[in-house]
>>> print(open('data21.txt').read())   # compact mmCIF, C-alpha atoms
# COMPACT_ATOMS: atom_id res chain seq x y z
CA VAL L 1 129.59 -149.93 -10.48
CA GLU L 2 131.52 -146.75 -11.17
CA ARG L 3 135.26 -147.30 -11.31
CA LYS L 4 137.68 -144.66 -10.17
CA PRO L 5 140.10 -143.44 -12.86
CA LYS L 6 143.53 -145.01 -12.58
CA PRO L 7 146.21 -142.58 -11.33
CA ILE L 8 149.18 -141.93 -13.61
CA THR L 9 152.46 -142.80 -11.90
CA LYS L 10 154.90 -141.28 -14.39
CA THR L 11 155.52 -137.52 -14.57
CA GLU L 12 155.86 -136.34 -18.16
CA TYR L 13 155.66 -132.92 -19.81
CA TYR L 14 153.96 -132.40 -23.16
CA GLN L 15 154.12 -129.07 -25.00
CA TYR L 16 152.22 -127.87 -28.04
CA GLU L 17 152.44 -124.69 -30.06
CA ILE L 18 149.55 -122.27 -30.46
CA ALA L 19 149.08 -121.25 -34.08
CA LYS L 20 148.29 -117.59 -33.38
CA ALA L 21 150.69 -117.13 -30.45
CA PRO L 22 154.27 -117.65 -31.69
CA GLY L 23 156.69 -118.66 -28.94
CA LYS L 24 153.91 -119.64 -26.53
CA LYS L 25 153.14 -123.22 -25.50
CA ILE L 26 150.15 -125.01 -24.01
CA GLY L 27 150.78 -128.36 -22.40
CA ILE L 28 150.06 -131.24 -20.07
CA VAL L 29 151.92 -132.53 -17.03
CA THR L 30 151.01 -136.09 -16.05
CA GLY L 31 151.07 -137.70 -12.63
CA ASP L 32 151.21 -136.49 -9.04
CA ILE L 33 151.83 -132.79 -8.48
CA GLN L 34 154.34 -133.79 -5.78
CA ASN L 35 156.73 -134.81 -8.58
CA VAL L 36 156.48 -131.58 -10.60
CA LYS L 37 159.67 -129.54 -10.43
CA LYS L 38 159.77 -127.49 -13.64
CA VAL L 39 156.92 -124.98 -13.27
CA ASP L 40 157.12 -121.49 -11.72
CA VAL L 41 153.52 -121.13 -10.49
CA TRP L 42 151.19 -123.76 -9.08
CA VAL L 43 147.49 -122.87 -9.06
CA ASN L 44 145.63 -124.15 -6.02
CA SER L 45 141.90 -124.80 -6.48
CA GLU L 46 140.60 -123.28 -3.23
CA ASN L 47 137.25 -122.44 -1.66
CA THR L 48 135.82 -118.93 -1.43
CA SER L 49 136.73 -118.86 2.28
CA MET L 50 140.37 -119.43 1.34
CA GLN L 51 140.65 -122.14 3.99
CA MET L 52 143.30 -124.62 2.93
CA ALA L 53 142.75 -128.35 3.36
CA ARG L 54 144.41 -130.32 6.14
CA HIS L 55 147.95 -131.51 5.46
CA PHE L 56 147.03 -135.13 4.77
CA ASP L 57 143.78 -134.59 2.89
CA GLN L 58 143.79 -136.08 -0.58
CA SER L 59 143.65 -132.75 -2.41
CA ILE L 60 145.87 -130.25 -4.22
CA SER L 61 145.27 -127.76 -1.40
CA GLY L 62 146.40 -130.16 1.34
CA THR L 63 149.43 -131.27 -0.68
CA ILE L 64 150.56 -127.69 -1.32
CA ARG L 65 150.03 -126.78 2.31
CA TYR L 66 152.16 -129.68 3.53
CA LEU L 67 154.94 -129.43 0.95
CA GLY L 68 155.18 -125.66 1.44
CA ALA L 69 155.53 -125.94 5.23
CA LYS L 70 158.73 -126.18 7.26
CA LYS L 71 159.09 -129.60 8.87
CA ASN L 72 161.28 -131.22 11.49
CA ALA L 73 163.32 -134.42 11.14
CA ALA L 74 160.17 -136.48 11.74
CA LYS L 75 158.46 -134.67 8.82
CA ARG L 76 156.03 -132.97 11.18
CA VAL L 77 155.01 -129.43 10.30
CA THR L 78 156.67 -126.78 12.43
CA THR L 79 155.78 -123.65 10.42
CA ASP L 80 152.68 -123.64 8.21
CA ILE L 81 154.11 -121.09 5.77
CA VAL L 82 151.65 -121.03 2.86
CA ALA L 83 148.47 -121.33 4.94
CA ALA L 84 149.71 -118.66 7.35
CA GLU L 85 150.46 -116.23 4.52
CA LEU L 86 147.05 -116.83 2.97
CA PHE L 87 145.31 -116.24 6.31
CA GLU L 88 147.35 -113.06 6.86
CA LYS L 89 146.04 -111.71 3.56
CA ILE L 90 142.41 -112.79 3.90
CA GLY L 91 141.80 -113.40 7.60
CA SER L 92 138.35 -114.81 8.32
CA ASN L 93 136.81 -113.08 5.31
CA SER L 94 135.54 -114.75 2.18
CA VAL L 95 136.36 -113.66 -1.36
CA ASP L 96 134.21 -113.47 -4.46
CA PRO L 97 134.09 -116.51 -6.75
CA GLY L 98 136.95 -116.52 -9.24
CA VAL L 99 139.26 -114.30 -7.19
CA VAL L 100 142.91 -115.36 -7.19
CA ILE L 101 145.24 -114.59 -4.25
CA ASP L 102 149.00 -115.10 -4.38
CA THR L 103 151.33 -116.29 -1.64
CA SER L 104 154.90 -117.46 -1.60
CA ALA L 105 155.53 -121.15 -2.21
CA GLY L 106 157.24 -121.64 1.14
CA GLU L 107 159.53 -124.66 1.15
CA LEU L 108 158.34 -125.55 -2.35
CA THR L 109 160.74 -122.93 -3.69
CA ARG L 110 163.68 -124.87 -2.32
CA THR L 111 162.39 -128.39 -3.00
CA HIS L 112 160.38 -128.00 -6.23
CA ASN L 113 161.55 -124.71 -7.80
CA VAL L 114 158.08 -123.16 -7.37
CA LYS L 115 158.12 -119.36 -7.16
CA LYS L 116 154.48 -118.61 -6.33
CA ILE L 117 151.22 -120.26 -5.30
CA PHE L 118 148.06 -118.77 -6.79
CA HIS L 119 144.96 -119.64 -4.75
CA ALA L 120 141.85 -119.55 -6.96
CA ALA L 121 138.39 -119.34 -5.39
CA ALA L 122 136.98 -122.18 -7.47
CA VAL L 123 134.43 -123.80 -5.13
CA HIS L 124 131.71 -122.79 -2.67
CA GLY L 125 131.32 -124.48 0.71
CA GLN L 126 127.88 -125.35 2.08
CA VAL L 127 127.10 -126.92 5.46
CA GLY L 128 126.05 -130.53 5.05
CA ARG L 129 126.75 -130.56 1.31
CA GLY L 130 130.47 -129.99 1.03
CA TYR L 131 131.96 -128.05 -1.88
CA THR L 132 130.53 -127.34 -5.32
CA PRO L 133 132.27 -125.58 -8.22
CA ILE L 134 131.50 -121.92 -8.79
CA LYS L 135 129.60 -120.86 -11.88
CA ASP L 136 131.92 -120.06 -14.81
CA ILE L 137 134.91 -121.67 -13.12
CA PHE L 138 137.02 -120.89 -16.19
CA VAL L 139 137.20 -117.30 -14.88
CA CYS L 140 139.78 -118.60 -12.38
CA VAL L 141 142.11 -119.42 -15.28
CA ARG L 142 141.84 -115.94 -16.79
CA ASN L 143 142.32 -114.24 -13.42
CA ALA L 144 145.37 -116.34 -12.58
CA LEU L 145 146.99 -115.56 -15.92
CA GLU L 146 146.30 -111.85 -15.51
CA LEU L 147 147.82 -111.96 -12.03
CA ALA L 148 150.97 -113.61 -13.40
CA ASP L 149 151.32 -110.75 -15.88
CA SER L 150 150.41 -108.00 -13.41
CA PRO L 151 152.85 -105.22 -12.45
CA GLU L 152 153.19 -106.66 -8.95
CA MET L 153 154.64 -109.88 -10.43
CA ALA L 154 156.99 -108.11 -12.86
CA ASN L 155 160.11 -108.94 -10.85
CA GLU L 156 159.20 -112.58 -10.17
CA ASN L 157 160.20 -113.87 -13.65
CA LEU L 158 157.11 -116.09 -13.92
CA GLN L 159 157.30 -117.94 -17.24
CA SER L 160 155.25 -121.09 -16.59
CA ILE L 161 152.06 -121.94 -14.71
CA LEU L 162 150.27 -125.19 -13.81
CA PHE L 163 146.49 -125.56 -13.43
CA PRO L 164 144.58 -128.52 -12.05
CA LEU L 165 141.48 -129.45 -14.08
CA MET L 166 139.33 -127.49 -11.66
CA GLY L 167 135.80 -128.80 -11.13
CA THR L 168 135.93 -131.70 -13.58
CA GLY L 169 135.53 -134.28 -10.82
CA THR L 170 132.55 -132.68 -9.08
CA THR L 171 130.63 -130.54 -11.57
CA ARG L 172 127.22 -131.41 -12.99
CA LEU L 173 128.51 -130.38 -16.38
CA LYS L 174 130.15 -132.96 -18.60
CA PRO L 175 133.85 -133.16 -17.56
CA GLN L 176 134.91 -132.79 -21.21
CA ASP L 177 132.87 -129.60 -21.63
CA LEU L 178 134.41 -128.08 -18.51
CA ALA L 179 137.96 -129.11 -19.45
CA ASN L 180 137.39 -127.54 -22.87
CA GLN L 181 136.35 -124.27 -21.21
CA LEU L 182 139.47 -124.19 -19.02
CA ILE L 183 141.83 -124.90 -21.91
CA ASP L 184 139.97 -122.53 -24.26
CA THR L 185 140.44 -119.73 -21.73
CA ALA L 186 144.19 -120.36 -21.56
CA VAL L 187 144.62 -120.52 -25.33
CA SER L 188 142.55 -117.36 -25.87
CA TYR L 189 144.60 -115.50 -23.27
CA LEU L 190 147.88 -116.25 -25.05
CA GLU L 191 146.33 -115.30 -28.40
CA ASP L 192 144.97 -112.03 -26.99
CA CYS L 193 148.10 -111.11 -25.00
CA PRO L 194 151.20 -111.65 -27.15
CA GLU L 195 153.15 -109.47 -24.71
CA SER L 196 152.49 -111.91 -21.86
CA ARG L 197 155.56 -112.84 -19.84
CA LEU L 198 154.23 -116.40 -19.62
CA LYS L 199 155.71 -118.84 -22.10
CA GLU L 200 154.14 -122.12 -20.96
CA ILE L 201 150.69 -122.97 -19.56
CA TYR L 202 150.20 -126.53 -18.31
CA PHE L 203 147.22 -128.54 -17.13
CA LEU L 204 147.73 -131.36 -14.62
CA ALA L 205 146.56 -134.82 -15.67
CA TYR L 206 146.65 -136.75 -12.41
CA ASN L 207 144.78 -139.78 -13.72
CA GLU L 208 143.83 -141.44 -17.00
CA GLN L 209 140.52 -139.58 -17.22
CA ASP L 210 142.28 -136.21 -16.88
CA LEU L 211 144.72 -137.19 -19.61
CA GLU L 212 141.93 -138.27 -21.94
CA LEU L 213 140.08 -134.97 -21.39
CA CYS L 214 143.20 -133.00 -22.30
CA ARG L 215 144.13 -135.34 -25.15
CA HIS L 216 140.71 -134.99 -26.77
CA LYS L 217 140.77 -131.20 -26.58
CA PHE L 218 144.33 -130.82 -27.80
CA ILE L 219 143.92 -133.14 -30.78
CA TYR L 220 140.70 -131.62 -32.09
CA ASP L 221 141.30 -127.92 -31.43
CA PRO L 222 142.58 -126.40 -34.70
CA ARG L 223 144.28 -123.57 -32.79
CA ILE L 224 146.68 -126.03 -31.15
CA LYS L 225 149.44 -127.63 -33.23
CA THR L 226 149.24 -131.17 -31.89
CA PRO L 227 151.10 -134.03 -33.56
CA LYS L 228 148.64 -136.92 -33.30
CA ASP L 229 151.40 -139.40 -32.47
CA THR L 230 152.66 -137.44 -29.45
CA LEU L 231 150.24 -138.90 -26.92
>>> encode(input="data21.txt", output="structure tokens")
Amino acid sequence: VERKPKPITKTEYYQYEIAKAPGKKIGIVTGDIQNVKKVDVWVNSENTSMQMARHFDQSISGTIRYLGAKKNAAKRVTTDIVAAELFEKIGSNSVDPGVVIDTSAGELTRTHNVKKIFHAAAVHGQVGRGYTPIKDIFVCVRNALELADSPEMANENLQSILFPLMGTGTTRLKPQDLANQLIDTAVSYLEDCPESRLKEIYFLAYNEQDLELCRHKFIYDPRIKTPKDTL
């Protein structure tokens, strides 16, 4: 019997230095994304159709859609801000795998201090089979980081970004191998782009498995200065 990983209830922030990128940090945020209030950009793992999940679906997409919407006193959505902005940009078209589209954070700016939502085309949809991760899903990380540093974001003062561990729960690859690819991409970007406006890149560890994937990578990657007694 396969047991589901136990969710982490406490939100904690861990930061580690990158040896070849002075002043830049790579890190982990534990727990539910609903409790994160210290990161400028949230990355939403979205499908290539850029169709956000329903408000109460158990997904990052549905959570962002609901929290970013305006609601009445009964907590019912009155204005679907983030989803509406995304549809206005994309319409009924699909995007290529790995493409990242930005929108405002809607009400999340007021409630969670989020400045932007980056929607990454990380999965394909197929009738009767659901969603599967795109090939080379780590490209989403690179594209999101490049978008944060693009001229169009120059006035947004984006200094931190949060990624879910995209694809690790559904891919045929080993979850550790995929997590390593995502984190490797982030570390390499900061090493290659010392002029980046980003100072902190985080990965979300929602459950104990996510935390162990990040922990393993951070401890054994010589590029990351990780005190072994931190986690």
>>> residues_near_point(input="data21.txt", point="(153.5, -115.5, -14.7)", cutoff="7 Å", atoms="all atoms listed in the file", output="list in words")
Leu145, Ala148, Asp149, Asn157, Leu158, Gln159, Ser160, Ile161, Arg197 and Leu198 of chain L
>>> residues_around(input="data21.txt", residues="Lys20 of chain L", least_positions_apart="2", cutoff="9 Å", atoms="only C-alpha atoms", output="PyMOL selection string")
chain L and resi 17-18+22+190-191+223-224
>>> write_last_selection(input="data21.txt", atoms="C-alpha atoms", output="PDB file, in the frame of the given file")
ATOM      1  CA  GLU L  17     152.440-124.690 -30.060  1.00  0.00           C
ATOM      2  CA  ILE L  18     149.550-122.270 -30.460  1.00  0.00           C
ATOM      3  CA  PRO L  22     154.270-117.650 -31.690  1.00  0.00           C
ATOM      4  CA  LEU L 190     147.880-116.250 -25.050  1.00  0.00           C
ATOM      5  CA  GLU L 191     146.330-115.300 -28.400  1.00  0.00           C
ATOM      6  CA  ARG L 223     144.280-123.570 -32.790  1.00  0.00           C
ATOM      7  CA  ILE L 224     146.680-126.030 -31.150  1.00  0.00           C
TER       8      ILE L 224
END
>>> atom_distance(input="data21.txt", atom1="atom CA of Thr103 of chain L", atom2="atom CA of Ile117 of chain L")
5.4 Å
>>> atom_distance(input="data21.txt", atom1="atom CA of Thr11 of chain L", atom2="atom CA of Thr109 of chain L")
18.9 Å
>>> atom_distance(input="data21.txt", atom1="atom CA of Met52 of chain L", atom2="atom CA of Gly130 of chain L")
14.0 Å
>>> closest_residue(input="data21.txt", among="L:Glu195, L:Asp136, L:Lys75, L:Phe56", to="Ser150 of chain L", atoms="only C-alpha atoms")
L:Glu195
>>> closest_residue(input="data21.txt", among="L:Pro97, L:Pro151, L:Pro5, L:Gly31", to="Ala122 of chain L", atoms="only C-alpha atoms")
L:Pro97
>>> residues_near_point(input="data21.txt", point="(138.9, -117.9, -16.5)", cutoff="9 Å", atoms="only C-alpha atoms", output="PyMOL selection string")
chain L and resi 98+136-145+181-182+185-186
>>> closest_residue(input="data21.txt", among="L:Ala53, L:Ile28, L:Leu108, L:Ile219", to="Lys71 of chain L", atoms="only C-alpha atoms")
L:Leu108
>>> residues_around(input="data21.txt", residues="segment 14-16 of chain L", least_positions_apart="4", cutoff="7 Å", atoms="all atoms listed in the file", output="PyMOL selection string")
chain L and resi 25-29+224-226
>>> decode(input="data21.txt", residues="segment 92-216 of chain L", atoms="C-alpha atoms", output="PDB file, in the first residue's frame")
ATOM      1  CA  SER L  92      -8.502  30.185 -26.078  1.00  0.00           C
ATOM      2  CA  ASN L  93      -5.030  29.623 -27.504  1.00  0.00           C
ATOM      3  CA  SER L  94      -2.431  27.230 -26.183  1.00  0.00           C
ATOM      4  CA  VAL L  95       1.209  28.091 -25.566  1.00  0.00           C
ATOM      5  CA  ASP L  96       4.372  26.118 -26.182  1.00  0.00           C
ATOM      6  CA  PRO L  97       5.696  23.926 -23.373  1.00  0.00           C
ATOM      7  CA  GLY L  98       7.885  25.887 -20.970  1.00  0.00           C
ATOM      8  CA  VAL L  99       6.407  29.295 -21.792  1.00  0.00           C
ATOM      9  CA  VAL L 100       5.870  31.561 -18.781  1.00  0.00           C
ATOM     10  CA  ILE L 101       3.128  34.235 -18.740  1.00  0.00           C
ATOM     11  CA  ASP L 102       2.856  36.899 -16.051  1.00  0.00           C
ATOM     12  CA  THR L 103      -0.252  38.380 -14.476  1.00  0.00           C
ATOM     13  CA  SER L 104      -0.862  40.522 -11.446  1.00  0.00           C
ATOM     14  CA  ALA L 105      -1.376  38.756  -8.134  1.00  0.00           C
ATOM     15  CA  GLY L 106      -4.832  40.234  -7.627  1.00  0.00           C
ATOM     16  CA  GLU L 107      -5.847  40.255  -3.971  1.00  0.00           C
ATOM     17  CA  LEU L 108      -2.684  38.346  -3.088  1.00  0.00           C
ATOM     18  CA  THR L 109      -0.808  41.643  -3.258  1.00  0.00           C
ATOM     19  CA  ARG L 110      -2.869  42.991  -0.383  1.00  0.00           C
ATOM     20  CA  THR L 111      -3.140  39.797   1.660  1.00  0.00           C
ATOM     21  CA  HIS L 112       0.193  38.025   1.008  1.00  0.00           C
ATOM     22  CA  ASN L 113       2.562  40.724  -0.334  1.00  0.00           C
ATOM     23  CA  VAL L 114       2.822  38.943  -3.712  1.00  0.00           C
ATOM     24  CA  LYS L 115       3.700  41.258  -6.592  1.00  0.00           C
ATOM     25  CA  LYS L 116       3.362  38.919  -9.582  1.00  0.00           C
ATOM     26  CA  ILE L 117       2.112  35.480 -10.582  1.00  0.00           C
ATOM     27  CA  PHE L 118       4.178  33.671 -13.219  1.00  0.00           C
ATOM     28  CA  HIS L 119       2.180  30.944 -14.985  1.00  0.00           C
ATOM     29  CA  ALA L 120       4.518  28.251 -16.337  1.00  0.00           C
ATOM     30  CA  ALA L 121       3.306  25.826 -19.012  1.00  0.00           C
ATOM     31  CA  ALA L 122       4.579  22.763 -17.168  1.00  0.00           C
ATOM     32  CA  VAL L 123       2.043  20.064 -18.119  1.00  0.00           C
ATOM     33  CA  HIS L 124       0.156  18.807 -21.175  1.00  0.00           C
ATOM     34  CA  GLY L 125      -3.535  17.909 -21.037  1.00  0.00           C
ATOM     35  CA  GLN L 126      -4.868  14.832 -22.831  1.00  0.00           C
ATOM     36  CA  VAL L 127      -8.496  13.694 -23.021  1.00  0.00           C
ATOM     37  CA  GLY L 128      -9.068  10.661 -20.842  1.00  0.00           C
ATOM     38  CA  ARG L 129      -5.544  10.735 -19.392  1.00  0.00           C
ATOM     39  CA  GLY L 130      -5.362  13.994 -17.498  1.00  0.00           C
ATOM     40  CA  TYR L 131      -2.119  15.968 -17.282  1.00  0.00           C
ATOM     41  CA  THR L 132       1.466  14.834 -17.763  1.00  0.00           C
ATOM     42  CA  PRO L 133       4.629  16.902 -17.268  1.00  0.00           C
ATOM     43  CA  ILE L 134       6.268  18.397 -20.329  1.00  0.00           C
ATOM     44  CA  LYS L 135       9.653  17.139 -21.452  1.00  0.00           C
ATOM     45  CA  ASP L 136      12.526  19.100 -19.873  1.00  0.00           C
ATOM     46  CA  ILE L 137      10.253  20.719 -17.300  1.00  0.00           C
ATOM     47  CA  PHE L 138      13.279  22.483 -15.797  1.00  0.00           C
ATOM     48  CA  VAL L 139      13.037  24.925 -18.730  1.00  0.00           C
ATOM     49  CA  CYS L 140      10.108  26.506 -16.858  1.00  0.00           C
ATOM     50  CA  VAL L 141      12.495  27.514 -14.067  1.00  0.00           C
ATOM     51  CA  ARG L 142      14.953  29.177 -16.440  1.00  0.00           C
ATOM     52  CA  ASN L 143      12.186  30.990 -18.330  1.00  0.00           C
ATOM     53  CA  ALA L 144      10.580  32.265 -15.123  1.00  0.00           C
ATOM     54  CA  LEU L 145      13.891  33.609 -13.845  1.00  0.00           C
ATOM     55  CA  GLU L 146      14.607  35.316 -17.160  1.00  0.00           C
ATOM     56  CA  LEU L 147      11.143  36.883 -17.080  1.00  0.00           C
ATOM     57  CA  ALA L 148      11.774  38.232 -13.574  1.00  0.00           C
ATOM     58  CA  ASP L 149      14.946  39.907 -14.852  1.00  0.00           C
ATOM     59  CA  SER L 150      13.431  41.131 -18.126  1.00  0.00           C
ATOM     60  CA  PRO L 151      13.148  44.842 -18.988  1.00  0.00           C
ATOM     61  CA  GLU L 152       9.363  44.689 -18.638  1.00  0.00           C
ATOM     62  CA  MET L 153       9.769  43.736 -14.951  1.00  0.00           C
ATOM     63  CA  ALA L 154      12.445  46.354 -14.212  1.00  0.00           C
ATOM     64  CA  ASN L 155      10.074  48.586 -12.234  1.00  0.00           C
ATOM     65  CA  GLU L 156       8.447  45.780 -10.229  1.00  0.00           C
ATOM     66  CA  ASN L 157      11.334  45.380  -7.730  1.00  0.00           C
ATOM     67  CA  LEU L 158      11.165  41.572  -7.866  1.00  0.00           C
ATOM     68  CA  GLN L 159      13.797  40.211  -5.470  1.00  0.00           C
ATOM     69  CA  SER L 160      12.409  36.792  -4.523  1.00  0.00           C
ATOM     70  CA  ILE L 161      10.573  33.983  -6.308  1.00  0.00           C
ATOM     71  CA  LEU L 162       8.901  30.738  -5.187  1.00  0.00           C
ATOM     72  CA  PHE L 163       8.682  27.559  -7.302  1.00  0.00           C
ATOM     73  CA  PRO L 164       6.644  24.451  -6.595  1.00  0.00           C
ATOM     74  CA  LEU L 165       8.518  21.189  -7.229  1.00  0.00           C
ATOM     75  CA  MET L 166       6.912  20.941 -10.647  1.00  0.00           C
ATOM     76  CA  GLY L 167       6.259  17.429 -11.936  1.00  0.00           C
ATOM     77  CA  THR L 168       7.763  15.506  -9.030  1.00  0.00           C
ATOM     78  CA  GLY L 169       4.413  13.997  -8.070  1.00  0.00           C
ATOM     79  CA  THR L 170       3.399  12.798 -11.539  1.00  0.00           C
ATOM     80  CA  THR L 171       6.516  12.232 -13.641  1.00  0.00           C
ATOM     81  CA  ARG L 172       7.855   8.832 -14.676  1.00  0.00           C
ATOM     82  CA  LEU L 173      11.307  10.054 -13.760  1.00  0.00           C
ATOM     83  CA  LYS L 174      12.580   9.550 -10.245  1.00  0.00           C
ATOM     84  CA  PRO L 175      11.291  12.486  -8.134  1.00  0.00           C
ATOM     85  CA  GLN L 176      14.811  13.099  -6.797  1.00  0.00           C
ATOM     86  CA  ASP L 177      16.256  13.331 -10.316  1.00  0.00           C
ATOM     87  CA  LEU L 178      13.613  15.842 -11.355  1.00  0.00           C
ATOM     88  CA  ALA L 179      13.980  17.938  -8.190  1.00  0.00           C
ATOM     89  CA  ASN L 180      17.735  17.993  -8.805  1.00  0.00           C
ATOM     90  CA  GLN L 181      17.156  19.317 -12.330  1.00  0.00           C
ATOM     91  CA  LEU L 182      14.878  22.110 -11.090  1.00  0.00           C
ATOM     92  CA  ILE L 183      17.284  23.201  -8.358  1.00  0.00           C
ATOM     93  CA  ASP L 184      20.329  22.847 -10.636  1.00  0.00           C
ATOM     94  CA  THR L 185      18.684  25.207 -13.125  1.00  0.00           C
ATOM     95  CA  ALA L 186      18.090  27.826 -10.433  1.00  0.00           C
ATOM     96  CA  VAL L 187      21.627  27.608  -9.051  1.00  0.00           C
ATOM     97  CA  SER L 188      23.176  27.776 -12.530  1.00  0.00           C
ATOM     98  CA  TYR L 189      21.095  30.830 -13.384  1.00  0.00           C
ATOM     99  CA  LEU L 190      22.366  32.772 -10.364  1.00  0.00           C
ATOM    100  CA  GLU L 191      25.933  31.691 -11.117  1.00  0.00           C
ATOM    101  CA  ASP L 192      25.615  32.738 -14.773  1.00  0.00           C
ATOM    102  CA  CYS L 193      23.767  36.008 -14.102  1.00  0.00           C
ATOM    103  CA  PRO L 194      25.469  37.881 -11.249  1.00  0.00           C
ATOM    104  CA  GLU L 195      23.634  41.030 -12.354  1.00  0.00           C
ATOM    105  CA  SER L 196      20.251  39.408 -11.679  1.00  0.00           C
ATOM    106  CA  ARG L 197      17.850  41.543  -9.661  1.00  0.00           C
ATOM    107  CA  LEU L 198      16.708  38.393  -7.854  1.00  0.00           C
ATOM    108  CA  LYS L 199      18.290  37.816  -4.467  1.00  0.00           C
ATOM    109  CA  GLU L 200      16.361  34.755  -3.260  1.00  0.00           C
ATOM    110  CA  ILE L 201      15.013  31.681  -5.078  1.00  0.00           C
ATOM    111  CA  TYR L 202      12.834  29.328  -3.034  1.00  0.00           C
ATOM    112  CA  PHE L 203      11.322  25.905  -3.635  1.00  0.00           C
ATOM    113  CA  LEU L 204       8.088  24.948  -1.881  1.00  0.00           C
ATOM    114  CA  ALA L 205       8.168  21.824   0.293  1.00  0.00           C
ATOM    115  CA  TYR L 206       4.499  21.156   0.930  1.00  0.00           C
ATOM    116  CA  ASN L 207       5.008  17.704   2.418  1.00  0.00           C
ATOM    117  CA  GLU L 208       7.729  15.559   3.966  1.00  0.00           C
ATOM    118  CA  GLN L 209       8.686  14.013   0.627  1.00  0.00           C
ATOM    119  CA  ASP L 210       9.218  17.451  -0.930  1.00  0.00           C
ATOM    120  CA  LEU L 211      11.387  18.468   2.008  1.00  0.00           C
ATOM    121  CA  GLU L 212      13.482  15.324   1.756  1.00  0.00           C
ATOM    122  CA  LEU L 213      14.025  15.888  -1.994  1.00  0.00           C
ATOM    123  CA  CYS L 214      15.254  19.426  -1.338  1.00  0.00           C
ATOM    124  CA  ARG L 215      17.250  18.419   1.734  1.00  0.00           C
ATOM    125  CA  HIS L 216      19.117  15.713  -0.165  1.00  0.00           C
TER     126      HIS L 216
END
